[in-house]
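Only one structure is covered here, and it is reproduced in the block below.
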Amino acid sequence: MALPDVAACLTHRARPPRDYDGRMEFATRAIHAGQAPDPATGAVITPIYQTSTFAQEAVGVHKGYDYARVANPTRTALEECLASLENAAHGHAFSSGIGATTTIMHLIDPGDLVVCVNDVYGGTYRMFSQVYAPKGYRFTYATPEELSAGAATLLTGARLVWIESPTNPLLNLVDIAAVAQAARAAGALLVVDNTFATPYLQTPLDLGADLVVHSTTKYLGGHSDVVGGFAATNDPTVAEQLRFLQKTLGAVPGPFDAWLVLRGLKTLAVRMERHCENARRVVAFLSEHPRVTRVLWPGLPDHPGHAIAGRQMRDFGAMVSFLLETEEEAVDLVSRTELWTLAESLGGVESLIEHPARMTHASTAAGPFAAPANLVRLSVGIESADDLVDDLARALAAAPARA
Ligand SMILES: *Cc1c(COP(=O)(O)O)cnc(C)c1O
């Protein structure tokens with residue numbers, strides 16, 4: 001099957017975004033924002049300030065740092081860099097994506113209503129349904145289509161709207177600008193989990209979202225060697241509340257983890273370009289394979305979110321899902337690849353393959369949003385695309401034929 005010309009599909013914009021004061025391009029900010037040479041020594045790379053406390057000249061007189069849960073210079077560099085990439089005025093780093101999520105949940109109170117996209121990250125659904133719902137928080141779940149329709153009535157009474165786009169693992173698209181408008185009309189805060197797209201492909205605050213949240217464990221760290229989270233906003237009141245909650249709830253990253261994410265960010269622009277290019281090659285291969293019944297990737301013209309992706313993303317990302325005929329075939333295939341590692345998580349330089357229904361989405365298996373049992377999810381890495389396709393071809397040829 002012939003793939004469409006990328007530039008023709010992408011009406012949003014072909015160039016990465018500029019920062020909020022319009023000075024430098026994305027690839028430059030990914031390397032330099034928040035990271036002037038170290039003022040103490042001239043070190044070009046931000047040092048790992050492995051310290052829990054900071055000397056004061058007199059009581060309360062210090063250089064902006066007193067205790068490392070409150071602030072640490074390595075973490076500050078990460079917060080400034082990533083805020084710049086999301087075109088945000090304020091950024092907050094956390095110990096994990098889930099740590100960011102639970103901190104954001106403290107912006108609202110028991111009894112409040114959260115409207116959430118149904119195809120949400122399994123760990124987010126587990127937190128909402130098993131931790132916050134029993135405490136009296138209320139949740140309703142809407143499909144990406146319902147949310148994209150932008151009806152304010154869907155959000156009536158909501159305090160928070162929680163979406164992902166593309167979603168996981170079905171790669172559905174939610175029209176962020178439409179939901180943002182509806183959320184504003186309903187008086188709710190819109191949170192966008194931007195983990196799958198990264199700010200290189202999509203900047204939700206520019207589309208009207210109030211908060212953007214990340215698992216930096218994925219593409220932002222990019223090397224599968226760190227767990228981290230991040231949240232950013234342009235709203236000074238929300239930012240102040242988040243800063244208070246960050247130090248008060250304490251889900252902060254250590255300096256070495258902050259440094260690993262900073263190091264990963266430096267190559268985000270080149271990695272994302274290669275990730276997307278490789279995904280295009282893998283999708284072209286899978287689309288023509290007789291054992292694959294359907295490929296789910298927003299870049300395909302028959303994908304239901306293709307037009308929305310063209311409006312709000314700069315390319316189509318490197319998460320690819322596909323359906324085989326049966327669950328047995330899907331489970332069999334994921335253990336037959338050699339180069340593609342069978343593992344949870346995503347967004348690293350290495351390619352991963354997994355079976356969502358039994359792995360990443362096992363926690364939603366009993367709920368209303370179970371992943372299809374015949375679904376396989378790929379995180380396409382930045383190895384040689386030829387090698388990636390060859391390995392998939394071998395595994396698909398070796399697996400048992402359809403019953
Ligand atoms: C991994 C992930 C999270 C959770 O992040 P952790 O760093 O594992 O806590 C949240 N949302 C999405 C979309 C994810 O992929």
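Here's how to read the names in the structure tokens: chain A, B, ... by the order shown, residue numbers from 1 in each chain, ligand numbers from 1 in the order shown.
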Can you check which parts of chain A lie within 7 Å of ligand 1? Per residue, the shortest pair of atoms and distance in Å to one decimal, counting only C-alpha atoms and all ligand atoms, sorted by chain and number, as JSON lines.
{"residue": "A:Ser96", "atom": "CA", "partner": "ligand 1", "partner_atom_place_in_ligand_line": "7 (O)", "distance": 4.0}
{"residue": "A:Gly97", "atom": "CA", "partner": "ligand 1", "partner_atom_place_in_ligand_line": "5 (O)", "distance": 3.4}
{"residue": "A:Ile98", "atom": "CA", "partner": "ligand 1", "partner_atom_place_in_ligand_line": "9 (O)", "distance": 3.8}
{"residue": "A:Gly99", "atom": "CA", "partner": "ligand 1", "partner_atom_place_in_ligand_line": "9 (O)", "distance": 6.3}
{"residue": "A:Tyr121", "atom": "CA", "partner": "ligand 1", "partner_atom_place_in_ligand_line": "13 (C)", "distance": 5.1}
{"residue": "A:Gly123", "atom": "CA", "partner": "ligand 1", "partner_atom_place_in_ligand_line": "4 (C)", "distance": 6.4}
{"residue": "A:Thr124", "atom": "CA", "partner": "ligand 1", "partner_atom_place_in_ligand_line": "10 (C)", "distance": 6.5}
{"residue": "A:Glu164", "atom": "CA", "partner": "ligand 1", "partner_atom_place_in_ligand_line": "13 (C)", "distance": 6.9}
{"residue": "A:Asn168", "atom": "CA", "partner": "ligand 1", "partner_atom_place_in_ligand_line": "13 (C)", "distance": 6.5}
{"residue": "A:Asp193", "atom": "CA", "partner": "ligand 1", "partner_atom_place_in_ligand_line": "13 (C)", "distance": 6.1}
{"residue": "A:Thr195", "atom": "CA", "partner": "ligand 1", "partner_atom_place_in_ligand_line": "13 (C)", "distance": 5.0}
{"residue": "A:Phe196", "atom": "CA", "partner": "ligand 1", "partner_atom_place_in_ligand_line": "13 (C)", "distance": 6.0}
{"residue": "A:His214", "atom": "CA", "partner": "ligand 1", "partner_atom_place_in_ligand_line": "11 (N)", "distance": 6.6}
{"residue": "A:Ser215", "atom": "CA", "partner": "ligand 1", "partner_atom_place_in_ligand_line": "5 (O)", "distance": 4.1}
{"residue": "A:Thr216", "atom": "CA", "partner": "ligand 1", "partner_atom_place_in_ligand_line": "7 (O)", "distance": 6.2}
{"residue": "A:Thr217", "atom": "CA", "partner": "ligand 1", "partner_atom_place_in_ligand_line": "7 (O)", "distance": 4.9}
{"residue": "A:Lys218", "atom": "CA", "partner": "ligand 1", "partner_atom_place_in_ligand_line": "1 (C)", "distance": 6.7}
{"residue": "A:Val227", "atom": "CA", "partner": "ligand 1", "partner_atom_place_in_ligand_line": "7 (O)", "distance": 5.2}
{"residue": "A:Gly228", "atom": "CA", "partner": "ligand 1", "partner_atom_place_in_ligand_line": "7 (O)", "distance": 5.0}
{"residue": "A:Gly229", "atom": "CA", "partner": "ligand 1", "partner_atom_place_in_ligand_line": "7 (O)", "distance": 5.6}
{"residue": "A:Ser345", "atom": "CA", "partner": "ligand 1", "partner_atom_place_in_ligand_line": "1 (C)", "distance": 6.3}
Would you list the contacts of segment 267-279 of chain A as a VMD selection string, taking every protein, DNA or RNA residue within 10 Å and counting only C-alpha atoms, but skipping same-chain residues closer than 5 positions in sequence?
-> chain A and resid 16 26 to 28 30 to 31 197 to 201 219 to 222 262 284 to 285 297 299 315 to 320 347 to 351 378 to 386 388 to 389
Atomic separation - atom CA of Pro255 of chain A relative to atom CA of Ala33 of chain A, Å | 17.4 Å
Using only C-alpha atoms, find the one residue out of A:Gln312, A:Ser321, A:Asn87, A:Gln50 that sits nearest to Val283 of chain A.
->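 Among the listed residues, the smallest separation from Val283 of chain A belongs to A:Ser321.
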If you run DSSP on the backbone, which residues of segment 19-199 of chain A are strand (DSSP E), as a list in words?
-> His90, Gly91, His92, Ala93, Phe94, Leu113, Val114, Val115, Cys116, Val117, Arg138, Phe139, Thr140, Tyr141, Ala142, Ala158, Arg159, Leu160, Val161, Trp162, Ile163, Glu164, Leu189, Leu190, Val191, Val192 and Asp193 of chain A
Would you list the contacts of Ala68 of chain A as a list of chain:residue names, taking every protein, DNA or RNA residue within 9 Å and counting only C-alpha atoms, but skipping same-chain residues closer than 3 positions in sequence?
->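 My list of contacting residues is A:Thr51, A:Ser52, A:Thr53, A:Phe54, A:Tyr65, A:Ala71, A:Asn72, A:Pro73, A:Gly254, A:Pro255.
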May I have the residues from that selection written out with N, CA and C atoms, as a CSV table (one decimal), in the first residue's frame?
chain,number,residue,atom,x,y,z
A,51,THR,N,23.5,16.8,46.2
A,51,THR,CA,23.5,17.3,47.6
A,51,THR,C,22.0,17.5,48.1
A,52,SER,N,21.8,17.2,49.4
A,52,SER,CA,20.5,17.4,49.9
A,52,SER,C,20.2,18.7,50.5
A,53,THR,N,21.3,19.5,50.8
A,53,THR,CA,21.1,20.8,51.5
A,53,THR,C,22.2,21.8,51.0
A,54,PHE,N,22.0,23.0,51.2
A,54,PHE,CA,22.8,24.1,50.7
A,54,PHE,C,23.1,25.1,51.9
A,65,TYR,N,18.6,28.3,46.8
A,65,TYR,CA,18.5,26.9,47.1
A,65,TYR,C,18.7,26.7,48.6
A,71,ALA,N,14.1,22.5,45.8
A,71,ALA,CA,14.7,22.8,44.5
A,71,ALA,C,16.1,22.3,44.5
A,72,ASN,N,16.6,22.0,43.3
A,72,ASN,CA,18.0,21.5,43.1
A,72,ASN,C,18.4,22.1,41.8
A,73,PRO,N,19.6,22.6,41.6
A,73,PRO,CA,20.0,23.2,40.4
A,73,PRO,C,19.9,22.3,39.1
A,254,GLY,N,15.5,12.7,41.8
A,254,GLY,CA,16.9,13.0,42.3
A,254,GLY,C,17.7,13.7,41.2
A,255,PRO,N,18.8,14.3,41.6
A,255,PRO,CA,19.6,15.1,40.6
A,255,PRO,C,20.2,14.2,39.5
Contact residues around Arg291 of chain A with only C-alpha atoms at 12 Å, ignoring same-chain residues under 2 positions, as number ranges by chain | A: 285-289, 293-295, 322-326, 329-330, 333, 374, 392-393, 395-403
Please write the residues from the selection above to a file, keeping C-alpha atoms, as a compact mmCIF listing (two decimals), in the first residue's frame.
# COMPACT_ATOMS: atom_id res chain seq x y z
CA PHE A 285 5.80 -3.25 5.44
CA LEU A 286 3.01 -4.27 7.84
CA SER A 287 0.29 -2.73 5.63
CA GLU A 288 1.19 -5.14 2.84
CA HIS A 289 1.67 -8.25 4.96
CA THR A 293 -5.46 -7.61 9.36
CA ARG A 294 -5.16 -3.93 10.31
CA VAL A 295 -2.44 -1.38 11.05
CA PHE A 322 -1.50 -3.78 14.50
CA LEU A 323 -3.99 -6.61 14.61
CA LEU A 324 -3.40 -10.22 13.72
CA GLU A 325 -6.25 -12.67 13.26
CA THR A 326 -6.18 -14.21 16.77
CA GLU A 329 -0.97 -15.41 16.87
CA ALA A 330 -0.33 -12.10 18.64
CA LEU A 333 4.59 -13.31 17.39
CA ASN A 374 -5.20 -9.82 18.97
CA LEU A 392 9.50 -8.59 11.70
CA ALA A 393 9.35 -10.40 8.35
CA ALA A 395 8.98 -13.53 12.89
CA LEU A 396 5.79 -13.27 10.84
CA ALA A 397 6.99 -16.01 8.49
CA ALA A 398 7.95 -18.30 11.37
CA ALA A 399 4.78 -17.93 13.42
CA PRO A 400 2.00 -20.48 12.87
CA ALA A 401 -0.39 -19.77 10.03
CA ARG A 402 -3.95 -18.78 10.81
CA ALA A 403 -6.19 -21.55 12.05
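You can rank A:Leu205, A:Ala93, A:Ala373, A:Met127 by their closest distance to Glu328 of chain A using only C-alpha atoms, and at the top of that list sits A:Ala373.
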For atom CA of Thr203 of chain A and atom CA of Ser363 of chain A, determine how far apart the two atoms are, in Å to one decimal place.
->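 The value is 29.0 Å.
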Which residues, written as a PyMOL selection string, have at least one atom at most 9 Å from Phe128 of chain A, with only C-alpha atoms counted and residues fewer than 4 positions away on the same chain left out?
-> chain A and resi 123-124+132-134+137-139
A:Ile45, A:Val70, A:Leu190, A:Ala185 ranked by distance to Val117 of chain A, top pick (using only C-alpha atoms) | A:Leu190
Near His32 of chain A, within 12 Å and counting only C-alpha atoms, which residues show up once chain neighbours fewer than 6 positions away are dropped, as a list of chain:residue names?
->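 Listing them by chain and then by number gives A:Met24, A:Glu25, A:Phe26, A:Val44, A:Ile45, A:Thr46, A:Ala77, A:Leu78, A:Glu80, A:Cys81, A:Leu82, A:Ser84, A:Leu85, A:Leu262, A:Arg263, A:Leu265, A:Lys266, A:Thr267.
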Write out, as a PDB file, in the first residue's frame, the residues just selected, with C-alpha atoms.
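part_31.pdb, freshly written:
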ATOM      1  CA  MET A  24      15.367  30.051  19.084  1.00  0.00           C
ATOM      2  CA  GLU A  25      14.278  26.906  17.318  1.00  0.00           C
ATOM      3  CA  PHE A  26      13.293  23.699  19.105  1.00  0.00           C
ATOM      4  CA  VAL A  44      29.623  23.148  29.752  1.00  0.00           C
ATOM      5  CA  ILE A  45      27.288  20.413  30.939  1.00  0.00           C
ATOM      6  CA  THR A  46      25.026  21.124  33.911  1.00  0.00           C
ATOM      7  CA  ALA A  77      17.818  23.152  34.482  1.00  0.00           C
ATOM      8  CA  LEU A  78      15.530  20.281  33.435  1.00  0.00           C
ATOM      9  CA  GLU A  80      13.486  25.270  32.396  1.00  0.00           C
ATOM     10  CA  CYS A  81      14.523  23.256  29.348  1.00  0.00           C
ATOM     11  CA  LEU A  82      11.392  21.147  29.156  1.00  0.00           C
ATOM     12  CA  SER A  84      10.754  25.883  26.939  1.00  0.00           C
ATOM     13  CA  LEU A  85      10.153  22.880  24.658  1.00  0.00           C
ATOM     14  CA  LEU A 262      18.431  16.556  30.399  1.00  0.00           C
ATOM     15  CA  ARG A 263      21.015  14.515  28.517  1.00  0.00           C
ATOM     16  CA  LEU A 265      16.557  15.928  25.636  1.00  0.00           C
ATOM     17  CA  LYS A 266      19.649  17.162  23.802  1.00  0.00           C
ATOM     18  CA  THR A 267      19.027  14.636  21.006  1.00  0.00           C
TER      19      THR A 267
END
DSSP-assigned alpha helix (DSSP H) members of segment 246-361 of chain A, reported as a PyMOL selection string | chain A and resi 246-249+255-265+268-288+306-312+327-334
Any idea what's packed within 9 Å of Val331 of chain A, counting only C-alpha atoms, ignoring anything in its chain fewer than 6 positions away? Could you give it as a VMD selection string?
-> chain A and resid 354 to 355 358 373 to 376
